[in-house]
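Shown next: start20.pdb, containing PDB, C-alpha atoms.
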MODEL        1
ATOM      1  CA  MET Q   1    -154.791  12.064  40.955
ATOM      2  CA  ALA Q   2    -157.249  12.611  38.172
ATOM      3  CA  ASP Q   3    -160.840  11.514  38.507
ATOM      4  CA  GLU Q   4    -161.102   8.106  36.830
ATOM      5  CA  THR Q   5    -164.290   6.964  35.198
ATOM      6  CA  ASN Q   6    -165.039   3.533  33.937
ATOM      7  CA  THR Q   7    -165.896   3.974  30.302
ATOM      8  CA  PRO Q   8    -166.611   0.794  28.381
ATOM      9  CA  VAL Q   9    -164.560   0.135  25.271
ATOM     10  CA  ALA Q  10    -166.559   0.769  22.113
ATOM     11  CA  GLY Q  11    -168.923  -2.089  21.388
ATOM     12  CA  THR Q  12    -168.348  -3.842  24.730
ATOM     13  CA  GLU Q  13    -171.317  -2.526  26.687
ATOM     14  CA  ASN Q  14    -172.518  -5.140  29.136
ATOM     15  CA  ALA Q  15    -175.831  -6.452  27.821
ATOM     16  CA  THR Q  16    -176.837  -7.837  31.195
ATOM     17  CA  GLN Q  17    -176.730  -4.367  32.798
ATOM     18  CA  ASN Q  18    -179.196  -2.901  30.366
ATOM     19  CA  ALA Q  19    -181.520  -5.258  28.484
ATOM     20  CA  GLU Q  20    -182.215  -2.608  25.853
ATOM     21  CA  VAL Q  21    -178.570  -2.228  24.772
ATOM     22  CA  ASP Q  22    -178.137  -3.159  21.135
ATOM     23  CA  THR Q  23    -175.359  -5.759  20.933
ATOM     24  CA  SER Q  24    -175.784  -6.495  17.265
ATOM     25  CA  VAL Q  25    -172.670  -6.951  15.156
ATOM     26  CA  LYS Q  26    -173.584  -3.947  13.022
ATOM     27  CA  THR Q  27    -173.926  -1.656  16.067
ATOM     28  CA  GLN Q  28    -170.612  -2.876  17.481
ATOM     29  CA  GLU Q  29    -168.863  -2.254  14.146
ATOM     30  CA  GLU Q  30    -170.326   1.251  13.838
ATOM     31  CA  SER Q  31    -169.234   2.103  17.374
ATOM     32  CA  LEU Q  32    -165.704   0.802  16.781
ATOM     33  CA  LYS Q  33    -165.397   2.686  13.493
ATOM     34  CA  LYS Q  34    -166.523   5.903  15.195
ATOM     35  CA  ASN Q  35    -164.031   5.511  18.050
ATOM     36  CA  PHE Q  36    -161.177   4.060  15.969
ATOM     37  CA  PRO Q  37    -161.295   5.626  12.488
ATOM     38  CA  ASN Q  38    -157.902   4.127  11.532
ATOM     39  CA  LEU Q  39    -158.975   0.476  11.950
ATOM     40  CA  ILE Q  40    -158.686  -1.693   8.822
ATOM     41  CA  GLY Q  41    -161.247  -4.375   9.602
ATOM     42  CA  TYR Q  42    -162.826  -6.623  12.197
ATOM     43  CA  LEU Q  43    -162.511 -10.046  13.749
ATOM     44  CA  TYR Q  44    -165.395 -11.783  15.480
ATOM     45  CA  MET Q  45    -165.115 -13.681  18.748
ATOM     46  CA  SER Q  46    -167.701 -16.274  19.683
ATOM     47  CA  ASP Q  47    -167.767 -17.834  23.144
ATOM     48  CA  PRO Q  48    -170.749 -20.197  23.241
ATOM     49  CA  ASP Q  49    -170.373 -20.893  26.973
ATOM     50  CA  ASN Q  50    -170.651 -17.254  28.064
ATOM     51  CA  THR Q  51    -174.029 -16.248  29.500
ATOM     52  CA  ASN Q  52    -173.647 -12.714  28.152
ATOM     53  CA  PRO Q  53    -174.978 -12.704  24.548
ATOM     54  CA  LEU Q  54    -172.438  -9.998  23.610
ATOM     55  CA  TRP Q  55    -169.643 -12.582  23.924
ATOM     56  CA  HIS Q  56    -171.483 -14.878  21.534
ATOM     57  CA  HIS Q  57    -170.592 -12.421  18.734
ATOM     58  CA  TYR Q  58    -168.091  -9.918  20.083
ATOM     59  CA  VAL Q  59    -166.551  -7.625  17.446
ATOM     60  CA  MET Q  60    -162.831  -6.848  17.720
ATOM     61  CA  PRO Q  61    -161.085  -4.078  15.770
ATOM     62  CA  VAL Q  62    -158.162  -4.918  13.492
ATOM     63  CA  PHE Q  63    -155.368  -2.394  13.004
ATOM     64  CA  ASP Q  64    -152.788  -4.613  11.290
ATOM     65  CA  GLU Q  65    -153.087  -7.244   8.526
ATOM     66  CA  LYS Q  66    -151.033  -9.670  10.629
ATOM     67  CA  ALA Q  67    -154.001 -10.019  12.974
ATOM     68  CA  TYR Q  68    -155.708 -12.136  10.277
ATOM     69  CA  GLU Q  69    -152.846 -14.635  10.059
ATOM     70  CA  ASN Q  70    -152.920 -16.595  13.325
ATOM     71  CA  LEU Q  71    -156.361 -16.403  14.847
ATOM     72  CA  PRO Q  72    -156.765 -17.429  18.484
ATOM     73  CA  TRP Q  73    -159.359 -19.882  19.729
ATOM     74  CA  HIS Q  74    -162.985 -18.692  19.219
ATOM     75  CA  VAL Q  75    -161.950 -15.872  16.843
ATOM     76  CA  TYR Q  76    -163.128 -15.876  13.215
ATOM     77  CA  LYS Q  77    -162.746 -13.747  10.080
ATOM     78  CA  GLU Q  78    -166.233 -14.600   8.850
ATOM     79  CA  ARG Q  79    -168.826 -11.972   9.742
ATOM     80  CA  PRO Q  80    -172.176 -13.121  11.161
ATOM     81  CA  SER Q  81    -175.264 -12.277   9.147
ATOM     82  CA  ASP Q  82    -177.248  -9.212  10.250
ATOM     83  CA  ASP Q  83    -180.478 -11.212  10.257
ATOM     84  CA  LEU Q  84    -179.331 -13.370  13.203
ATOM     85  CA  VAL Q  85    -180.637 -12.128  16.586
ATOM     86  CA  ASP Q  86    -177.978 -13.827  18.721
ATOM     87  CA  PRO Q  87    -175.288 -15.165  16.370
ATOM     88  CA  LEU Q  88    -173.076 -17.937  17.674
ATOM     89  CA  TYR Q  89    -170.276 -19.629  15.734
ATOM     90  CA  SER Q  90    -170.835 -23.360  15.277
ATOM     91  CA  VAL Q  91    -167.664 -25.344  14.684
ATOM     92  CA  GLN Q  92    -169.728 -28.393  13.660
ATOM     93  CA  LYS Q  93    -171.631 -26.427  11.009
ATOM     94  CA  GLY Q  94    -168.620 -24.306  10.061
ATOM     95  CA  GLY Q  95    -170.428 -20.982  10.326
ATOM     96  CA  TRP Q  96    -172.631 -18.641  12.293
ATOM     97  CA  ILE Q  97    -175.978 -19.940  13.544
ATOM     98  CA  GLU Q  98    -178.864 -18.534  15.561
ATOM     99  CA  ASN Q  99    -178.535 -19.099  19.292
ATOM    100  CA  ALA Q 100    -181.499 -17.136  20.635
ATOM    101  CA  HIS Q 101    -184.393 -19.250  21.829
ATOM    102  CA  ASP Q 102    -186.780 -16.369  21.266
ATOM    103  CA  ALA Q 103    -185.782 -16.098  17.609
ATOM    104  CA  GLN Q 104    -188.278 -18.718  16.452
ATOM    105  CA  THR Q 105    -190.436 -16.087  14.773
ATOM    106  CA  GLN Q 106    -187.397 -14.808  12.903
ATOM    107  CA  ILE Q 107    -186.389 -18.323  11.887
ATOM    108  CA  LEU Q 108    -189.967 -18.987  10.755
ATOM    109  CA  ALA Q 109    -189.917 -15.712   8.796
ATOM    110  CA  GLN Q 110    -186.702 -16.806   7.065
ATOM    111  CA  VAL Q 111    -188.229 -20.191   6.271
ATOM    112  CA  GLN Q 112    -191.355 -18.453   4.958
ATOM    113  CA  MET Q 113    -189.189 -16.211   2.749
ATOM    114  CA  LYS Q 114    -187.491 -19.309   1.348
ATOM    115  CA  ILE Q 115    -190.866 -20.967   0.754
ATOM    116  CA  ASP Q 116    -192.108 -17.813  -0.997
ATOM    117  CA  ALA Q 117    -188.983 -17.805  -3.169
ATOM    118  CA  ILE Q 118    -189.571 -21.463  -4.030
ATOM    119  CA  ASP Q 119    -193.236 -20.713  -4.846
ATOM    120  CA  LYS Q 120    -192.191 -17.821  -7.079
ATOM    121  CA  PHE Q 121    -189.646 -20.054  -8.808
ATOM    122  CA  LYS Q 122    -192.347 -22.735  -9.240
ATOM    123  CA  GLU Q 123    -194.666 -20.157 -10.834
ATOM    124  CA  GLN Q 124    -191.924 -19.122 -13.240
ATOM    125  CA  LEU Q 125    -191.206 -22.771 -13.985
ATOM    126  CA  ASP Q 126    -194.917 -23.428 -14.639
ATOM    127  CA  GLN Q 127    -195.065 -20.422 -16.999
ATOM    128  CA  THR Q 128    -191.967 -21.665 -18.817
ATOM    129  CA  LEU Q 129    -193.408 -25.175 -19.062
ATOM    130  CA  LYS Q 130    -196.699 -23.777 -20.390
ATOM    131  CA  SER Q 131    -194.799 -21.742 -23.018
ATOM    132  CA  VAL Q 132    -192.791 -24.799 -24.028
ATOM    133  CA  GLN Q 133    -195.983 -26.865 -24.355
ATOM    134  CA  GLU Q 134    -197.660 -24.141 -26.438
ATOM    135  CA  ASN Q 135    -194.585 -23.943 -28.644
ATOM    136  CA  GLN Q 136    -194.611 -27.723 -29.009
ATOM    137  CA  LEU Q 137    -198.298 -27.677 -30.016
ATOM    138  CA  THR Q 138    -197.621 -24.913 -32.533
ATOM    139  CA  GLY Q 139    -194.600 -26.800 -33.829
ATOM    140  CA  THR Q 140    -196.634 -30.019 -34.109
ATOM    141  CA  ALA Q 141    -199.389 -28.216 -36.037
ATOM    142  CA  GLN Q 142    -196.801 -26.677 -38.351
ATOM    143  CA  ASN Q 143    -195.140 -30.069 -38.839
ATOM    144  CA  LEU Q 144    -198.504 -31.662 -39.698
ATOM    145  CA  ALA Q 145    -199.267 -28.887 -42.197
ATOM    146  CA  LEU Q 146    -195.792 -29.246 -43.695
ATOM    147  CA  THR Q 147    -196.153 -33.026 -43.900
ATOM    148  CA  LYS Q 148    -199.547 -32.650 -45.610
ATOM    149  CA  SER Q 149    -198.083 -30.142 -48.092
ATOM    150  CA  ILE Q 150    -195.148 -32.451 -48.823
ATOM    151  CA  LYS Q 151    -197.564 -35.374 -49.331
ATOM    152  CA  GLU Q 152    -199.709 -33.300 -51.703
ATOM    153  CA  LEU Q 153    -196.598 -32.152 -53.534
ATOM    154  CA  SER Q 154    -195.398 -35.766 -53.807
ATOM    155  CA  GLU Q 155    -198.796 -36.873 -55.107
ATOM    156  CA  GLY Q 156    -198.793 -33.991 -57.607
ATOM    157  CA  GLN Q 157    -195.274 -34.934 -58.672
ATOM    158  CA  ALA Q 158    -196.377 -38.566 -59.133
ATOM    159  CA  THR Q 159    -199.369 -37.467 -61.229
ATOM    160  CA  GLN Q 160    -197.112 -35.222 -63.301
ATOM    161  CA  ASN Q 161    -194.626 -38.076 -63.772
ATOM    162  CA  ASN Q 162    -197.473 -40.383 -64.919
ATOM    163  CA  LEU Q 163    -198.688 -37.717 -67.334
ATOM    164  CA  LEU Q 164    -195.172 -37.230 -68.709
ATOM    165  CA  ALA Q 165    -194.792 -41.010 -69.090
ATOM    166  CA  LEU Q 166    -198.110 -41.196 -71.004
ATOM    167  CA  LEU Q 167    -197.049 -38.251 -73.167
ATOM    168  CA  GLN Q 168    -193.720 -39.917 -73.864
ATOM    169  CA  ASN Q 169    -195.448 -43.188 -74.783
ATOM    170  CA  LEU Q 170    -197.847 -41.294 -77.040
ATOM    171  CA  MET Q 171    -194.961 -39.525 -78.757
ATOM    172  CA  LEU Q 172    -193.154 -42.831 -79.197
ATOM    173  CA  THR Q 173    -196.310 -44.370 -80.614
ATOM    174  CA  ILE Q 174    -196.735 -41.465 -83.051
ATOM    175  CA  ALA Q 175    -193.085 -41.613 -84.050
ATOM    176  CA  GLY Q 176    -193.271 -45.387 -84.534
ATOM    177  CA  SER Q 177    -196.405 -45.166 -86.656
ATOM    178  CA  GLN Q 178    -194.788 -42.585 -88.922
ATOM    179  CA  LYS Q 179    -191.834 -44.864 -89.625
ATOM    180  CA  THR Q 180    -193.978 -47.885 -90.482
ATOM    181  CA  ALA Q 181    -196.400 -46.037 -92.721
ATOM    182  CA  LYS Q 182    -195.576 -46.431 -96.455
ATOM    183  CA  PRO Q 183    -195.687 -43.371 -98.588
ATOM    184  CA  THR Q 184    -198.660 -43.424-100.910
ATOM    185  CA  ALA Q 185    -198.584 -42.278-104.479
ATOM    186  CA  PRO Q 186    -200.381 -39.061-105.144
ATOM    187  CA  THR Q 187    -203.807 -39.517-106.473
ATOM    188  CA  GLN Q 188    -204.948 -38.137-109.800
ATOM    189  CA  ALA Q 189    -206.907 -35.396-108.306
ATOM    190  CA  THR Q 190    -203.774 -34.150-106.691
ATOM    191  CA  THR Q 191    -201.886 -34.385-109.983
ATOM    192  CA  ALA Q 192    -204.585 -32.633-111.906
ATOM    193  CA  THR Q 193    -204.722 -29.788-109.502
ATOM    194  CA  ALA Q 194    -201.027 -29.335-109.841
ATOM    195  CA  THR Q 195    -201.198 -29.127-113.711
ATOM    196  CA  ASP Q 196    -204.126 -26.723-113.661
ATOM    197  CA  LYS Q 197    -202.184 -24.260-111.682
ATOM    198  CA  GLN Q 198    -199.537 -24.030-114.378
TER     199      GLN Q 198
ENDMDL
END
Kindly transcribe the structure held in the file into structure tokens.
Amino acid sequence: MADETNTPVAGTENATQNAEVDTSVKTQEESLKKNFPNLIGYLYMSDPDNTNPLWHHYVMPVFDEKAYENLPWHVYKERPSDDLVDPLYSVQKGGWIENAHDAQTQILAQVQMKIDAIDKFKEQLDQTLKSVQENQLTGTAQNLALTKSIKELSEGQATQNNLLALLQNLMLTIAGSQKTAKPTAPTQATTATATDKQ
């Protein structure tokens, strides 16, 4: 009989035997891909009642598309995020959540990143608001200048209309006085000058 050795299946190292064993999803996937190059994907098992953290997010190789059709209990297609220390699938939340109690610093870091993103967005929003306000002030100043120019133009037009009306009245007055004036007979001096020229 050949010498048998107990070799763990890729990605199934017992985390309780060696506390320094990396049981992350990424490490499990890399190990499976190295040992089974013909696999087509992964499924993820999550047993929340198991004391071994590996079984909270155990990676299973997929060699056939049919494996994705009818998933057994505690097996999911959705991959846990790499930023979770001890991912555990929550049926109530419909996704992977953090299970590790010692992951508070990581959770706080994620919250801080979200706060920083919100602060950055707020800064951008403030800059946009400031630009809009400056544009509104510029627009208001331009509108006031335009309104003043239109008013001056209107006043100039009114003055011009008054002047034209006065000119028209003057022309009518001149034309009316020419019609009412009777022609006068030429005076003798005018007649004498005309005969002298001949």
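Comparing the minimum interatomic distances between Asn99 in chain Q and each of Q:Leu39, Q:Pro53, Q:Gln28, Q:Tyr44, counting all atoms listed in the file, we find that Q:Pro53 sits nearest.
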Using Å and a single decimal, report how far CA of Asp83 in chain Q sits from CA of Leu108 in chain Q.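 For CA of Leu108 in chain Q relative to CA of Asp83 in chain Q, the distance reads 12.3 Å.
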In Å, how far is it from CA of Ser31 in chain Q to CA of Val59 in chain Q?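 Here the two named atoms are 10.1 Å from each other.
CA of Asp86 in chain Q sits 12.4 Å away from CA of Asn50 in chain Q.
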How would you write, as an MDAnalysis selection string, the residues chosen by the PyMOL selection byres ((chain Q and resi 90-97) around 9) on this structure? chainID Q and resid 46 48 78:81 84 86:89 98:99
Could you tell me, as a PyMOL selection string, exactly which residues end up selected when the PyMOL selection byres ((chain Q and resi 23) around 6) is applied to this structure? chain Q and resi 22+24+54
Using all atoms listed in the file, find the one residue out of Q:Lys122, Q:Asp64, Q:Asn143, Q:Lys26 that sits nearest to Val85 in chain Q.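 Closest residue, counting all atoms listed in the file: Q:Lys26.
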